[in-house]
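Text of coords.pdb, listed as PDB, C-alpha atoms:
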```pdb
ATOM      1  CA  MET U   1      51.922  68.693 -90.952
ATOM      2  CA  CYS U   2      49.813  65.598 -90.412
ATOM      3  CA  PHE U   3      47.469  65.181 -87.469
ATOM      4  CA  ALA U   4      47.657  61.769 -85.774
ATOM      5  CA  SER U   5      44.790  62.417 -83.350
ATOM      6  CA  SER U   6      42.860  65.235 -81.741
ATOM      7  CA  LEU U   7      45.669  65.675 -79.204
ATOM      8  CA  ASP U   8      48.981  64.658 -80.725
ATOM      9  CA  PHE U   9      50.480  64.938 -84.149
ATOM     10  CA  CYS U  10      53.682  64.606 -86.116
ATOM     11  CA  THR U  11      55.517  67.443 -87.839
ATOM     12  CA  ARG U  12      56.443  66.623 -91.412
ATOM     13  CA  CYS U  13      59.785  68.088 -92.442
ATOM     14  CA  ASP U  14      59.660  66.829 -96.045
ATOM     15  CA  SER U  15      58.377  63.785 -97.937
ATOM     16  CA  GLU U  16      60.759  61.468 -96.077
ATOM     17  CA  VAL U  17      61.574  62.991 -92.683
ATOM     18  CA  ARG U  18      59.111  63.651 -89.885
ATOM     19  CA  GLY U  19      59.069  64.470 -86.183
ATOM     20  CA  VAL U  20      56.811  62.330 -83.992
ATOM     21  CA  PRO U  21      56.128  62.407 -80.216
ATOM     22  CA  LEU U  22      57.675  59.276 -78.734
ATOM     23  CA  HIS U  23      54.510  58.423 -76.780
ATOM     24  CA  GLN U  24      52.879  57.816 -80.163
ATOM     25  CA  ARG U  25      55.637  55.351 -81.076
ATOM     26  CA  LEU U  26      56.371  53.299 -77.974
ATOM     27  CA  ASP U  27      57.887  50.619 -80.209
ATOM     28  CA  LEU U  28      60.874  52.985 -80.524
ATOM     29  CA  LEU U  29      61.543  53.251 -76.770
ATOM     30  CA  GLU U  30      64.556  50.940 -76.668
ATOM     31  CA  ALA U  31      66.125  52.331 -79.844
ATOM     32  CA  CYS U  32      65.622  55.868 -78.564
ATOM     33  CA  ALA U  33      67.159  54.961 -75.202
ATOM     34  CA  ASP U  34      70.235  53.615 -76.996
ATOM     35  CA  LEU U  35      70.447  56.780 -79.103
ATOM     36  CA  VAL U  36      70.325  59.143 -76.124
ATOM     37  CA  ASN U  37      72.708  56.917 -74.159
ATOM     38  CA  SER U  38      75.212  57.085 -77.018
ATOM     39  CA  GLU U  39      75.685  60.748 -76.049
ATOM     40  CA  TRP U  40      74.904  60.764 -72.314
ATOM     41  CA  GLN U  41      75.569  57.389 -70.718
ATOM     42  CA  ARG U  42      73.036  56.081 -68.219
ATOM     43  CA  SER U  43      71.624  52.671 -67.373
ATOM     44  CA  ARG U  44      69.300  51.454 -70.121
ATOM     45  CA  GLY U  45      66.481  50.792 -67.670
ATOM     46  CA  ALA U  46      66.682  54.285 -66.178
ATOM     47  CA  ARG U  47      66.794  55.850 -69.628
ATOM     48  CA  ILE U  48      63.740  53.934 -70.814
ATOM     49  CA  HIS U  49      61.907  54.914 -67.624
ATOM     50  CA  ALA U  50      62.686  58.597 -68.311
ATOM     51  CA  LEU U  51      61.574  58.350 -71.946
ATOM     52  CA  GLN U  52      58.303  56.721 -70.893
ATOM     53  CA  LYS U  53      57.351  60.007 -69.230
ATOM     54  CA  SER U  54      56.802  61.576 -72.651
ATOM     55  CA  CYS U  55      53.167  62.682 -72.843
ATOM     56  CA  HIS U  56      50.884  65.281 -74.376
ATOM     57  CA  ASP U  57      50.987  67.375 -71.184
ATOM     58  CA  PHE U  58      54.824  67.514 -71.213
ATOM     59  CA  PRO U  59      57.555  66.643 -71.238
ATOM     60  CA  VAL U  60      57.379  65.553 -74.885
ATOM     61  CA  CYS U  61      60.158  63.448 -76.353
ATOM     62  CA  LEU U  62      60.219  64.210 -80.070
ATOM     63  CA  VAL U  63      61.881  61.680 -82.371
ATOM     64  CA  LEU U  64      63.020  62.390 -85.923
ATOM     65  CA  LEU U  65      62.250  59.561 -88.337
ATOM     66  CA  LEU U  66      63.314  58.867 -91.920
ATOM     67  CA  GLY U  67      61.226  56.683 -94.226
ATOM     68  CA  SER U  68      58.530  54.248 -93.140
ATOM     69  CA  GLY U  69      57.826  50.561 -92.765
ATOM     70  CA  VAL U  70      60.750  48.148 -92.656
ATOM     71  CA  GLY U  71      63.116  50.852 -93.929
ATOM     72  CA  GLU U  72      62.253  53.388 -91.245
ATOM     73  CA  GLN U  73      65.267  54.929 -89.457
ATOM     74  CA  LEU U  74      65.495  56.756 -86.134
ATOM     75  CA  LEU U  75      67.554  59.888 -86.825
ATOM     76  CA  GLY U  76      67.339  61.998 -83.694
ATOM     77  CA  HIS U  77      65.704  62.938 -80.409
ATOM     78  CA  ALA U  78      64.869  66.123 -78.493
ATOM     79  CA  ARG U  79      62.901  66.611 -75.295
ATOM     80  CA  LEU U  80      60.561  69.580 -74.795
ATOM     81  CA  SER U  81      59.573  70.661 -71.274
ATOM     82  CA  ARG U  82      57.600  73.549 -69.791
ATOM     83  CA  VAL U  83      59.517  76.535 -68.416
ATOM     84  CA  VAL U  84      58.720  77.594 -64.855
ATOM     85  CA  GLY U  85      57.185  81.066 -64.782
ATOM     86  CA  HIS U  86      57.051  81.422 -68.577
ATOM     87  CA  SER U  87      53.802  80.036 -69.929
ATOM     88  CA  GLY U  88      54.702  80.714 -73.565
ATOM     89  CA  SER U  89      58.093  78.998 -73.511
ATOM     90  CA  LEU U  90      59.431  75.469 -73.806
ATOM     91  CA  PHE U  91      62.867  74.169 -72.823
ATOM     92  CA  VAL U  92      64.708  71.985 -75.353
ATOM     93  CA  GLU U  93      67.190  69.401 -74.080
ATOM     94  CA  SER U  94      68.756  66.038 -74.886
ATOM     95  CA  VAL U  95      69.136  67.048 -78.543
ATOM     96  CA  VAL U  96      70.999  64.275 -80.343
ATOM     97  CA  VAL U  97      71.350  62.922 -83.880
ATOM     98  CA  THR U  98      72.512  59.373 -84.485
ATOM     99  CA  LYS U  99      76.252  59.335 -85.157
ATOM    100  CA  ALA U 100      75.924  57.641 -88.551
ATOM    101  CA  GLN U 101      73.735  60.499 -89.824
ATOM    102  CA  ARG U 102      75.617  63.512 -88.494
ATOM    103  CA  GLY U 103      76.879  66.158 -90.879
ATOM    104  CA  LYS U 104      73.838  65.788 -93.169
ATOM    105  CA  GLY U 105      71.703  68.627 -91.823
ATOM    106  CA  TYR U 106      69.499  66.508 -89.594
ATOM    107  CA  GLY U 107      70.394  68.552 -86.523
ATOM    108  CA  ARG U 108      68.810  71.592 -88.148
ATOM    109  CA  THR U 109      65.874  69.458 -89.292
ATOM    110  CA  LEU U 110      65.340  68.173 -85.749
ATOM    111  CA  MET U 111      65.327  71.696 -84.303
ATOM    112  CA  GLU U 112      62.948  72.903 -87.013
ATOM    113  CA  ALA U 113      60.615  70.014 -86.173
ATOM    114  CA  ALA U 114      60.746  71.027 -82.500
ATOM    115  CA  GLU U 115      59.897  74.609 -83.434
ATOM    116  CA  ARG U 116      56.935  73.539 -85.557
ATOM    117  CA  TYR U 117      55.647  71.297 -82.783
ATOM    118  CA  ALA U 118      55.979  74.096 -80.214
ATOM    119  CA  ARG U 119      54.217  76.653 -82.427
ATOM    120  CA  ALA U 120      51.375  74.244 -83.149
ATOM    121  CA  ARG U 121      50.927  73.769 -79.389
ATOM    122  CA  GLY U 122      50.720  77.553 -78.883
ATOM    123  CA  PHE U 123      54.238  78.264 -77.594
ATOM    124  CA  ARG U 124      56.278  81.186 -78.890
ATOM    125  CA  ARG U 125      59.780  80.709 -77.469
ATOM    126  CA  LEU U 126      62.254  77.857 -77.184
ATOM    127  CA  CYS U 127      65.023  77.978 -74.567
ATOM    128  CA  LEU U 128      68.077  75.754 -74.275
ATOM    129  CA  THR U 129      71.562  75.340 -72.878
ATOM    130  CA  THR U 130      74.692  74.079 -74.563
ATOM    131  CA  HIS U 131      78.283  73.462 -73.569
ATOM    132  CA  ASP U 132      79.871  73.799 -77.002
ATOM    133  CA  LYS U 133      77.234  74.091 -79.759
ATOM    134  CA  GLN U 134      76.416  77.773 -79.268
ATOM    135  CA  HIS U 135      77.598  78.695 -82.775
ATOM    136  CA  PHE U 136      75.365  76.018 -84.318
ATOM    137  CA  TYR U 137      72.333  77.314 -82.440
ATOM    138  CA  ALA U 138      73.207  80.934 -83.241
ATOM    139  CA  HIS U 139      73.191  79.966 -86.927
ATOM    140  CA  LEU U 140      69.626  78.689 -86.415
ATOM    141  CA  GLY U 141      68.529  82.029 -84.974
ATOM    142  CA  TYR U 142      69.048  81.460 -81.251
ATOM    143  CA  VAL U 143      70.431  84.333 -79.183
ATOM    144  CA  LEU U 144      72.178  84.453 -75.829
ATOM    145  CA  SER U 145      69.800  84.865 -72.913
ATOM    146  CA  LYS U 146      69.309  84.751 -69.169
ATOM    147  CA  PRO U 147      68.825  81.416 -67.367
ATOM    148  CA  VAL U 148      65.371  79.917 -66.970
ATOM    149  CA  GLN U 149      64.106  76.932 -64.992
ATOM    150  CA  SER U 150      62.998  73.811 -66.845
ATOM    151  CA  ALA U 151      60.116  71.998 -65.197
ATOM    152  CA  GLY U 152      61.228  68.668 -66.670
ATOM    153  CA  ALA U 153      58.841  65.841 -65.823
ATOM    154  CA  MET U 154      57.723  67.435 -62.549
ATOM    155  CA  THR U 155      54.669  69.130 -64.094
ATOM    156  CA  SER U 156      53.040  65.703 -64.289
ATOM    157  CA  PHE U 157      52.679  65.622 -60.489
ATOM    158  CA  VAL U 158      53.548  69.108 -59.151
ATOM    159  CA  PRO U 159      51.432  72.167 -60.095
ATOM    160  CA  MET U 160      53.328  74.841 -62.036
ATOM    161  CA  GLU U 161      52.573  77.500 -59.426
ATOM    162  CA  VAL U 162      54.298  75.355 -56.788
ATOM    163  CA  LEU U 163      57.336  74.856 -59.011
ATOM    164  CA  GLN U 164      57.510  78.587 -59.615
ATOM    165  CA  ARG U 165      57.451  79.289 -55.889
ATOM    166  CA  PHE U 166      60.443  77.036 -55.216
ATOM    167  CA  SER U 167      62.419  77.484 -58.448
ATOM    168  CA  ARG U 168      66.020  78.580 -58.263
ATOM    169  CA  LEU U 169      67.886  79.902 -61.261
ATOM    170  CA  PRO U 170      71.568  79.128 -61.944
ATOM    171  CA  GLU U 171      74.028  81.707 -60.793
ATOM    172  CA  THR U 172      77.132  83.072 -62.432
ATOM    173  CA  GLU U 173      80.524  81.915 -61.251
ATOM    174  CA  GLY U 174      82.475  83.603 -58.538
ATOM    175  CA  PRO U 175      82.816  83.553 -54.753
ATOM    176  CA  SER U 176      80.206  84.966 -52.428
ATOM    177  CA  HIS U 177      80.854  88.438 -51.044
ATOM    178  CA  THR U 178      80.569  89.502 -47.444
ATOM    179  CA  GLY U 179      81.411  92.625 -45.461
ATOM    180  CA  SER U 180      81.570  96.098 -46.992
ATOM    181  CA  LEU U 181      83.270  95.150 -50.271
ATOM    182  CA  PRO U 182      80.955  95.557 -53.272
ATOM    183  CA  PRO U 183      80.358  92.436 -55.384
ATOM    184  CA  ALA U 184      82.296  92.129 -58.610
ATOM    185  CA  GLN U 185      80.301  92.672 -61.792
ATOM    186  CA  PRO U 186      79.656  89.339 -63.559
ATOM    187  CA  ARG U 187      81.155  88.833 -66.994
ATOM    188  CA  GLU U 188      78.798  89.186 -69.925
ATOM    189  CA  GLN U 189      77.851  86.080 -71.842
ATOM    190  CA  THR U 190      79.201  85.968 -75.396
ATOM    191  CA  LEU U 191      79.469  83.206 -77.987
ATOM    192  CA  LEU U 192      83.064  82.728 -76.857
ATOM    193  CA  GLU U 193      82.683  82.748 -73.083
ATOM    194  CA  THR U 194      80.016  82.508 -70.419
ATOM    195  CA  PRO U 195      79.867  83.279 -66.706
ATOM    196  CA  TYR U 196      77.359  80.453 -66.160
ATOM    197  CA  ARG U 197      78.258  76.976 -64.927
ATOM    198  CA  ASP U 198      76.357  73.707 -64.834
ATOM    199  CA  ALA U 199      75.992  71.471 -61.772
ATOM    200  CA  LYS U 200      79.450  70.020 -62.399
ATOM    201  CA  GLY U 201      81.101  73.424 -62.771
ATOM    202  CA  ALA U 202      81.495  73.278 -66.554
ATOM    203  CA  PRO U 203      80.834  76.436 -68.620
ATOM    204  CA  ILE U 204      77.336  76.493 -70.108
ATOM    205  CA  PHE U 205      75.627  78.875 -72.538
ATOM    206  CA  TRP U 206      71.963  79.914 -72.209
ATOM    207  CA  MET U 207      70.092  80.703 -75.417
ATOM    208  CA  HIS U 208      66.566  81.220 -76.723
ATOM    209  CA  LYS U 209      64.682  81.768 -79.968
ATOM    210  CA  ASP U 210      61.334  83.452 -80.510
ATOM    211  CA  ILE U 211      59.352  81.281 -82.879
TER     212      ILE U 211
END
```
Let's see the structure in the file written out as structure tokens.
Amino acid sequence: MCFASSLDFCTRCDSEVRGVPLHQRLDLLEACADLVNSEWQRSRGARIHALQKSCHDFPVCLVLLLGSGVGEQLLGHARLSRVVGHSGSLFVESVVVTKAQRGKGYGRTLMEAAERYARARGFRRLCLTTHDKQHFYAHLGYVLSKPVQSAGAMTSFVPMEVLQRFSRLPETEGPSHTGSLPPAQPREQTLLETPYRDAKGAPIFWMHKDI
């Protein structure tokens, strides 16, 4: 691990690969925007604006880099945000590895860099959601868990205690129940199926790892 300043630092994965907070490398903003947009399309301007919110006080956009100087390559990106009501946890999202470098273990390397960064900042749990990579995350030691609320970029202008007061956790699928009929028991979450749905109604798995 190499310390870049008294506040921020990069996590060194090996002699060639390292994780660096994006706000330490603003020259990579446009390339990082293109990388994230390759997986989740959005206007380039809006994406750059979102990435510019990376800061020491969270959210932190962590980029995975290979090499240095003119041969330096951007390999991946992950965003770390505070979790409402859980002071020791961070929420990991927008995890992506450049398409040309997939299948080479850099996804694991990126997650390990995120874990090292979180531990060095005093956090002890990482939480995340996934639509279809639950087996990959399980292989890295993540387990199925209950939903939590990511604070995203709101902690930069809204106190955490206010966010906690108004937070609302995702609910399992199913119609609401009225009258005297008892509510149906929700299905348990497994690596094959989940009762949880995202904002668009797609199945989503909630997972965490104690680090």
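Taking atom CA of Glu115 of chain U and atom CA of Arg42 of chain U as the two end points, the separation is 27.3 Å.
Counting all atoms listed in the file and comparing U:Ser145, U:Ser38, U:Gln73, U:Ser81, the residue that lies closest to Phe123 of chain U is U:Ser81.
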Original post:
Given the file above and the PyMOL selection byres ((chain U and resi 194) around 9), which residues are selected, and can you give them as a PyMOL selection string?
Top reply: chain U and resi 172+187-193+195-197+203-206
Generate a file of the selected residues that holds C-alpha atoms, formatted as a PDB file, in the frame of the given file.
```
ATOM      1  CA  THR U 172      77.132  83.072 -62.432  1.00  0.00           C
ATOM      2  CA  ARG U 187      81.155  88.833 -66.994  1.00  0.00           C
ATOM      3  CA  GLU U 188      78.798  89.186 -69.925  1.00  0.00           C
ATOM      4  CA  GLN U 189      77.851  86.080 -71.842  1.00  0.00           C
ATOM      5  CA  THR U 190      79.201  85.968 -75.396  1.00  0.00           C
ATOM      6  CA  LEU U 191      79.469  83.206 -77.987  1.00  0.00           C
ATOM      7  CA  LEU U 192      83.064  82.728 -76.857  1.00  0.00           C
ATOM      8  CA  GLU U 193      82.683  82.748 -73.083  1.00  0.00           C
ATOM      9  CA  PRO U 195      79.867  83.279 -66.706  1.00  0.00           C
ATOM     10  CA  TYR U 196      77.359  80.453 -66.160  1.00  0.00           C
ATOM     11  CA  ARG U 197      78.258  76.976 -64.927  1.00  0.00           C
ATOM     12  CA  PRO U 203      80.834  76.436 -68.620  1.00  0.00           C
ATOM     13  CA  ILE U 204      77.336  76.493 -70.108  1.00  0.00           C
ATOM     14  CA  PHE U 205      75.627  78.875 -72.538  1.00  0.00           C
ATOM     15  CA  TRP U 206      71.963  79.914 -72.209  1.00  0.00           C
TER      16      TRP U 206
END
```
Subject >> Spatial neighbours of Arg121 of chain U, max dist 10 Å, all atoms listed in the file, sep filter under 2 positions, as a PyMOL selection string >> reply: chain U and resi 7-8+56+88+115-119+123-124
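Those residues returned by the PyMOL selection byres ((chain U and resi 148) around 9) for this file are Val83, Val84, Gly85, His86, Phe91, Cys127, Leu128, Ser145, Lys146, Pro147, Gln149, Ser150, Arg168, Leu169, Pro170 and Trp206 of chain U.
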